Amino acid sequence: MKRILIAGAGLSASTMIHYLLEQAEQNDWEIVVGDISEDLALSKINGNPRGKAIRFEVNNEFQRAREVQKADVVISFLPAFMHPIIARECVRWGKHMVTASYVSKEMQELHQEACNKNISLLNELGVDPGIDHMSAMKVINRVKAE
């Protein structure tokens with residue numbers, strides 16, 4: 001069974017959690033939703049037997065290491081400034097990480113070490129960056145046409 005850790009259960013995580021839980025049985029996934037509010041995480045898994053809710057405190061070094069180490073992939077829906085904290089842990093334990101946030105300087109600094117360990121730290125995978133990029137291209141194409 002593959003274990004997917006979703007760090008952060010806020011509003012922007014809802015659709016992803018729902019989608020992964022729908023796919024979990026056929027793909028043999030366990031979806032672990034961790035949030036500072038365990039009640040919020042529990043509400044997001046909505047009793048799905050493939051889901052597990054935990055209270056997750058990103059600044060708790062022991063818990064962060066334990067949860068990342070047990071995961072096959074980590075999806076971070078934490079605030080952007082916290083992504084490097086999770087990413088460093090992922091690099092440490094050789095785990096892939098996905099987030100919708102832009103690539104920060106701190107994330108760029110982890111690039112070579114992640115490559116050396118053959119793991120992916122994927123950024124800008126989500127609605128907001130996608131809409132931003134498409135909107136920018138729309139403007140660029142309009143300006144070029146004019």
# chains A, B, ... in the order shown; residues from 1 in each chain; ligands from 1
call {"tool": "residues_around", "arguments": {"residues": "A:Gln23", "least_positions_apart": "6", "cutoff": "12 Å", "atoms": "only C-alpha atoms", "output": "PDB file with C-alpha atoms, in the first residue's frame"}}
result
ATOM      1  CA  ILE A   4       0.265   9.740   0.710  1.00  0.00           C
ATOM      2  CA  MET A  16      -7.390  17.065  -3.620  1.00  0.00           C
ATOM      3  CA  ILE A  17      -8.279  15.119  -0.484  1.00  0.00           C
ATOM      4  CA  TRP A  29      -3.440   4.085  -1.243  1.00  0.00           C
ATOM      5  CA  GLU A  30      -3.664   5.228   2.344  1.00  0.00           C
ATOM      6  CA  ILE A  31      -4.353   8.957   2.501  1.00  0.00           C
ATOM      7  CA  ASN A  48     -13.400   7.043   4.405  1.00  0.00           C
ATOM      8  CA  ARG A  50      -8.656   4.656   3.243  1.00  0.00           C
ATOM      9  CA  GLY A  51      -8.223   7.961   5.062  1.00  0.00           C
TER      10      GLY A  51
END
call {"tool": "closest_residue", "arguments": {"among": "A:Ser37, A:Ser76, A:Asn141, A:Gln108", "to": "A:Cys90", "atoms": "only C-alpha atoms"}}
result
A:Ser76
call {"tool": "residues_around", "arguments": {"residues": "A:Ala41", "least_positions_apart": "2", "cutoff": "10 Å", "atoms": "only C-alpha atoms", "output": "PDB file with all heavy atoms, in the first residue's frame"}}
result
ATOM      1  N   ILE A   6      -0.801  14.233   3.213  1.00  0.00           N
ATOM      2  CA  ILE A   6      -1.244  15.577   2.846  1.00  0.00           C
ATOM      3  C   ILE A   6      -1.063  16.442   4.077  1.00  0.00           C
ATOM      4  O   ILE A   6      -1.719  16.232   5.100  1.00  0.00           O
ATOM      5  CB  ILE A   6      -2.702  15.589   2.374  1.00  0.00           C
ATOM      6  CG1 ILE A   6      -2.858  14.686   1.146  1.00  0.00           C
ATOM      7  CG2 ILE A   6      -3.150  17.025   2.073  1.00  0.00           C
ATOM      8  CD1 ILE A   6      -4.278  14.524   0.668  1.00  0.00           C
ATOM      9  N   ALA A   7      -0.143  17.389   3.986  1.00  0.00           N
ATOM     10  CA  ALA A   7       0.140  18.292   5.105  1.00  0.00           C
ATOM     11  C   ALA A   7      -0.686  19.561   4.917  1.00  0.00           C
ATOM     12  O   ALA A   7      -0.454  20.325   3.984  1.00  0.00           O
ATOM     13  CB  ALA A   7       1.629  18.623   5.156  1.00  0.00           C
ATOM     14  N   GLY A   8      -1.656  19.737   5.779  1.00  0.00           N
ATOM     15  CA  GLY A   8      -2.541  20.890   5.698  1.00  0.00           C
ATOM     16  C   GLY A   8      -3.880  20.486   5.124  1.00  0.00           C
ATOM     17  O   GLY A   8      -3.951  19.874   4.060  1.00  0.00           O
ATOM     18  N   ALA A   9      -4.956  20.818   5.860  1.00  0.00           N
ATOM     19  CA  ALA A   9      -6.307  20.416   5.435  1.00  0.00           C
ATOM     20  C   ALA A   9      -7.216  21.616   5.227  1.00  0.00           C
ATOM     21  O   ALA A   9      -8.430  21.501   5.339  1.00  0.00           O
ATOM     22  CB  ALA A   9      -6.909  19.468   6.476  1.00  0.00           C
ATOM     23  N   GLY A  10      -6.635  22.747   4.913  1.00  0.00           N
ATOM     24  CA  GLY A  10      -7.431  23.950   4.697  1.00  0.00           C
ATOM     25  C   GLY A  10      -8.302  23.849   3.459  1.00  0.00           C
ATOM     26  O   GLY A  10      -8.339  22.818   2.771  1.00  0.00           O
ATOM     27  N   SER A  14      -9.202  20.667   0.035  1.00  0.00           N
ATOM     28  CA  SER A  14     -10.436  19.869   0.035  1.00  0.00           C
ATOM     29  C   SER A  14     -10.623  19.033  -1.218  1.00  0.00           C
ATOM     30  O   SER A  14     -10.905  17.829  -1.145  1.00  0.00           O
ATOM     31  CB  SER A  14     -11.655  20.776   0.222  1.00  0.00           C
ATOM     32  OG  SER A  14     -11.571  21.458   1.448  1.00  0.00           O
ATOM     33  N   ILE A  17      -7.994  16.187  -1.453  1.00  0.00           N
ATOM     34  CA  ILE A  17      -8.279  15.119  -0.484  1.00  0.00           C
ATOM     35  C   ILE A  17      -9.430  14.262  -0.991  1.00  0.00           C
ATOM     36  O   ILE A  17      -9.346  13.026  -1.014  1.00  0.00           O
ATOM     37  CB  ILE A  17      -8.585  15.705   0.910  1.00  0.00           C
ATOM     38  CG1 ILE A  17      -7.331  16.384   1.480  1.00  0.00           C
ATOM     39  CG2 ILE A  17      -9.113  14.626   1.848  1.00  0.00           C
ATOM     40  CD1 ILE A  17      -7.591  17.251   2.701  1.00  0.00           C
ATOM     41  N   VAL A  32      -3.195  10.020   4.336  1.00  0.00           N
ATOM     42  CA  VAL A  32      -3.042  10.569   5.685  1.00  0.00           C
ATOM     43  C   VAL A  32      -3.153  12.086   5.574  1.00  0.00           C
ATOM     44  O   VAL A  32      -2.356  12.720   4.889  1.00  0.00           O
ATOM     45  CB  VAL A  32      -1.683  10.179   6.306  1.00  0.00           C
ATOM     46  CG1 VAL A  32      -1.537  10.786   7.693  1.00  0.00           C
ATOM     47  CG2 VAL A  32      -1.547   8.658   6.358  1.00  0.00           C
ATOM     48  N   VAL A  33      -4.158  12.623   6.234  1.00  0.00           N
ATOM     49  CA  VAL A  33      -4.380  14.068   6.222  1.00  0.00           C
ATOM     50  C   VAL A  33      -3.955  14.607   7.576  1.00  0.00           C
ATOM     51  O   VAL A  33      -4.522  14.252   8.608  1.00  0.00           O
ATOM     52  CB  VAL A  33      -5.860  14.412   5.930  1.00  0.00           C
ATOM     53  CG1 VAL A  33      -6.068  15.921   5.956  1.00  0.00           C
ATOM     54  CG2 VAL A  33      -6.296  13.818   4.601  1.00  0.00           C
ATOM     55  N   GLY A  34      -2.921  15.446   7.555  1.00  0.00           N
ATOM     56  CA  GLY A  34      -2.401  16.017   8.784  1.00  0.00           C
ATOM     57  C   GLY A  34      -2.627  17.514   8.825  1.00  0.00           C
ATOM     58  O   GLY A  34      -2.336  18.222   7.863  1.00  0.00           O
ATOM     59  N   ASP A  35      -3.142  17.979   9.943  1.00  0.00           N
ATOM     60  CA  ASP A  35      -3.403  19.405  10.116  1.00  0.00           C
ATOM     61  C   ASP A  35      -3.225  19.748  11.593  1.00  0.00           C
ATOM     62  O   ASP A  35      -3.355  18.879  12.455  1.00  0.00           O
ATOM     63  CB  ASP A  35      -4.825  19.750   9.658  1.00  0.00           C
ATOM     64  CG  ASP A  35      -5.042  21.244   9.488  1.00  0.00           C
ATOM     65  OD1 ASP A  35      -4.748  21.756   8.388  1.00  0.00           O
ATOM     66  OD2 ASP A  35      -5.475  21.901  10.462  1.00  0.00           O
ATOM     67  N   ILE A  36      -2.951  21.009  11.849  1.00  0.00           N
ATOM     68  CA  ILE A  36      -2.842  21.471  13.235  1.00  0.00           C
ATOM     69  C   ILE A  36      -4.155  21.199  13.977  1.00  0.00           C
ATOM     70  O   ILE A  36      -4.173  20.979  15.175  1.00  0.00           O
ATOM     71  CB  ILE A  36      -2.426  22.963  13.292  1.00  0.00           C
ATOM     72  CG1 ILE A  36      -2.050  23.387  14.699  1.00  0.00           C
ATOM     73  CG2 ILE A  36      -3.513  23.862  12.759  1.00  0.00           C
ATOM     74  CD1 ILE A  36      -0.696  22.924  15.127  1.00  0.00           C
ATOM     75  N   SER A  37      -5.258  21.170  13.221  1.00  0.00           N
ATOM     76  CA  SER A  37      -6.565  20.829  13.783  1.00  0.00           C
ATOM     77  C   SER A  37      -6.934  19.410  13.340  1.00  0.00           C
ATOM     78  O   SER A  37      -7.303  19.186  12.184  1.00  0.00           O
ATOM     79  CB  SER A  37      -7.637  21.809  13.295  1.00  0.00           C
ATOM     80  OG  SER A  37      -8.927  21.307  13.592  1.00  0.00           O
ATOM     81  N   GLU A  38      -6.821  18.477  14.262  1.00  0.00           N
ATOM     82  CA  GLU A  38      -7.188  17.102  13.930  1.00  0.00           C
ATOM     83  C   GLU A  38      -8.663  17.004  13.559  1.00  0.00           C
ATOM     84  O   GLU A  38      -9.041  16.211  12.691  1.00  0.00           O
ATOM     85  CB  GLU A  38      -6.874  16.161  15.095  1.00  0.00           C
ATOM     86  CG  GLU A  38      -7.071  14.706  14.745  1.00  0.00           C
ATOM     87  CD  GLU A  38      -6.656  13.760  15.857  1.00  0.00           C
ATOM     88  OE1 GLU A  38      -6.212  14.216  16.922  1.00  0.00           O
ATOM     89  OE2 GLU A  38      -6.779  12.545  15.638  1.00  0.00           O
ATOM     90  N   ASP A  39      -9.508  17.839  14.183  1.00  0.00           N
ATOM     91  CA  ASP A  39     -10.933  17.835  13.842  1.00  0.00           C
ATOM     92  C   ASP A  39     -11.161  18.218  12.384  1.00  0.00           C
ATOM     93  O   ASP A  39     -11.992  17.628  11.705  1.00  0.00           O
ATOM     94  CB  ASP A  39     -11.715  18.781  14.758  1.00  0.00           C
ATOM     95  CG  ASP A  39     -11.843  18.247  16.177  1.00  0.00           C
ATOM     96  OD1 ASP A  39     -11.694  17.023  16.372  1.00  0.00           O
ATOM     97  OD2 ASP A  39     -12.092  19.060  17.089  1.00  0.00           O
ATOM     98  N   SER A  43     -12.762  15.846   9.467  1.00  0.00           N
ATOM     99  CA  SER A  43     -13.904  16.234   8.635  1.00  0.00           C
ATOM    100  C   SER A  43     -13.587  16.058   7.155  1.00  0.00           C
ATOM    101  O   SER A  43     -14.470  15.738   6.364  1.00  0.00           O
ATOM    102  CB  SER A  43     -14.324  17.682   8.924  1.00  0.00           C
ATOM    103  OG  SER A  43     -13.404  18.611   8.386  1.00  0.00           O
ATOM    104  N   LYS A  44     -12.339  16.230   6.767  1.00  0.00           N
ATOM    105  CA  LYS A  44     -11.965  16.115   5.355  1.00  0.00           C
ATOM    106  C   LYS A  44     -11.956  14.661   4.875  1.00  0.00           C
ATOM    107  O   LYS A  44     -12.267  14.395   3.728  1.00  0.00           O
ATOM    108  CB  LYS A  44     -10.604  16.754   5.085  1.00  0.00           C
ATOM    109  CG  LYS A  44     -10.559  18.248   5.351  1.00  0.00           C
ATOM    110  CD  LYS A  44     -11.471  19.031   4.432  1.00  0.00           C
ATOM    111  CE  LYS A  44     -11.567  20.469   4.840  1.00  0.00           C
ATOM    112  NZ  LYS A  44     -10.828  21.384   4.019  1.00  0.00           N
ATOM    113  N   ILE A  45     -11.595  13.725   5.744  1.00  0.00           N
ATOM    114  CA  ILE A  45     -11.614  12.321   5.303  1.00  0.00           C
ATOM    115  C   ILE A  45     -13.020  11.733   5.383  1.00  0.00           C
ATOM    116  O   ILE A  45     -13.295  10.718   4.749  1.00  0.00           O
ATOM    117  CB  ILE A  45     -10.593  11.439   6.056  1.00  0.00           C
ATOM    118  CG1 ILE A  45     -10.932  11.351   7.534  1.00  0.00           C
ATOM    119  CG2 ILE A  45      -9.182  11.917   5.828  1.00  0.00           C
ATOM    120  CD1 ILE A  45     -10.199  10.238   8.242  1.00  0.00           C
ATOM    121  N   ASN A  46     -13.877  12.363   6.142  1.00  0.00           N
ATOM    122  CA  ASN A  46     -15.306  12.041   6.146  1.00  0.00           C
ATOM    123  C   ASN A  46     -15.587  10.542   6.311  1.00  0.00           C
ATOM    124  O   ASN A  46     -16.424   9.976   5.610  1.00  0.00           O
ATOM    125  CB  ASN A  46     -15.952  12.577   4.864  1.00  0.00           C
ATOM    126  CG  ASN A  46     -17.459  12.621   4.947  1.00  0.00           C
ATOM    127  OD1 ASN A  46     -18.019  12.772   6.025  1.00  0.00           O
ATOM    128  ND2 ASN A  46     -18.123  12.493   3.807  1.00  0.00           N
ATOM    129  N   GLY A  51      -8.744   6.714   4.533  1.00  0.00           N
ATOM    130  CA  GLY A  51      -8.223   7.961   5.062  1.00  0.00           C
ATOM    131  C   GLY A  51      -7.857   7.848   6.533  1.00  0.00           C
ATOM    132  O   GLY A  51      -8.429   7.051   7.272  1.00  0.00           O
ATOM    133  N   LYS A  52      -6.888   8.626   6.921  1.00  0.00           N
ATOM    134  CA  LYS A  52      -6.471   8.692   8.322  1.00  0.00           C
ATOM    135  C   LYS A  52      -6.201  10.156   8.628  1.00  0.00           C
ATOM    136  O   LYS A  52      -5.496  10.839   7.875  1.00  0.00           O
ATOM    137  CB  LYS A  52      -5.209   7.863   8.546  1.00  0.00           C
ATOM    138  CG  LYS A  52      -4.685   7.928   9.967  1.00  0.00           C
ATOM    139  CD  LYS A  52      -3.415   7.104  10.131  1.00  0.00           C
ATOM    140  CE  LYS A  52      -2.898   7.250  11.555  1.00  0.00           C
ATOM    141  NZ  LYS A  52      -1.617   6.555  11.725  1.00  0.00           N
ATOM    142  N   ALA A  53      -6.769  10.643   9.707  1.00  0.00           N
ATOM    143  CA  ALA A  53      -6.571  12.035  10.113  1.00  0.00           C
ATOM    144  C   ALA A  53      -5.629  12.077  11.311  1.00  0.00           C
ATOM    145  O   ALA A  53      -5.745  11.261  12.230  1.00  0.00           O
ATOM    146  CB  ALA A  53      -7.903  12.676  10.485  1.00  0.00           C
ATOM    147  N   ILE A  54      -4.690  13.012  11.260  1.00  0.00           N
ATOM    148  CA  ILE A  54      -3.771  13.183  12.386  1.00  0.00           C
ATOM    149  C   ILE A  54      -3.608  14.665  12.687  1.00  0.00           C
ATOM    150  O   ILE A  54      -3.754  15.506  11.804  1.00  0.00           O
ATOM    151  CB  ILE A  54      -2.375  12.568  12.106  1.00  0.00           C
ATOM    152  CG1 ILE A  54      -1.707  13.242  10.902  1.00  0.00           C
ATOM    153  CG2 ILE A  54      -2.474  11.060  11.924  1.00  0.00           C
ATOM    154  CD1 ILE A  54      -0.237  12.860  10.713  1.00  0.00           C
ATOM    155  N   ARG A  55      -3.323  14.945  13.950  1.00  0.00           N
ATOM    156  CA  ARG A  55      -2.886  16.296  14.301  1.00  0.00           C
ATOM    157  C   ARG A  55      -1.429  16.370  13.853  1.00  0.00           C
ATOM    158  O   ARG A  55      -0.608  15.536  14.229  1.00  0.00           O
ATOM    159  CB  ARG A  55      -2.999  16.536  15.802  1.00  0.00           C
ATOM    160  CG  ARG A  55      -2.457  17.895  16.211  1.00  0.00           C
ATOM    161  CD  ARG A  55      -2.647  18.154  17.711  1.00  0.00           C
ATOM    162  NE  ARG A  55      -1.786  19.218  18.177  1.00  0.00           N
ATOM    163  CZ  ARG A  55      -1.987  20.525  17.964  1.00  0.00           C
ATOM    164  NH1 ARG A  55      -3.052  20.919  17.284  1.00  0.00           N
ATOM    165  NH2 ARG A  55      -1.153  21.421  18.416  1.00  0.00           N
ATOM    166  N   PHE A  56      -1.120  17.349  13.013  1.00  0.00           N
ATOM    167  CA  PHE A  56       0.218  17.468  12.448  1.00  0.00           C
ATOM    168  C   PHE A  56       0.757  18.860  12.713  1.00  0.00           C
ATOM    169  O   PHE A  56       0.180  19.853  12.274  1.00  0.00           O
ATOM    170  CB  PHE A  56       0.187  17.195  10.937  1.00  0.00           C
ATOM    171  CG  PHE A  56       1.542  17.229  10.288  1.00  0.00           C
ATOM    172  CD1 PHE A  56       2.459  16.214  10.505  1.00  0.00           C
ATOM    173  CD2 PHE A  56       1.904  18.282   9.469  1.00  0.00           C
ATOM    174  CE1 PHE A  56       3.712  16.243   9.905  1.00  0.00           C
ATOM    175  CE2 PHE A  56       3.149  18.322   8.863  1.00  0.00           C
ATOM    176  CZ  PHE A  56       4.061  17.297   9.089  1.00  0.00           C
TER     177      PHE A  56
END
call {"tool": "closest_residue", "arguments": {"among": "A:Glu106, A:Arg142, A:Asn60, A:Asn27", "to": "A:Ala80", "atoms": "only C-alpha atoms"}}
result
A:Glu106
call {"tool": "select_by_dssp", "arguments": {"residues": "stretch 10-146 of chain A", "states": "alpha helix (DSSP H)", "output": "ChimeraX atom specification"}}
result
/A:14-27,38-45,61-70,83-93,105-108,111-116,127-145
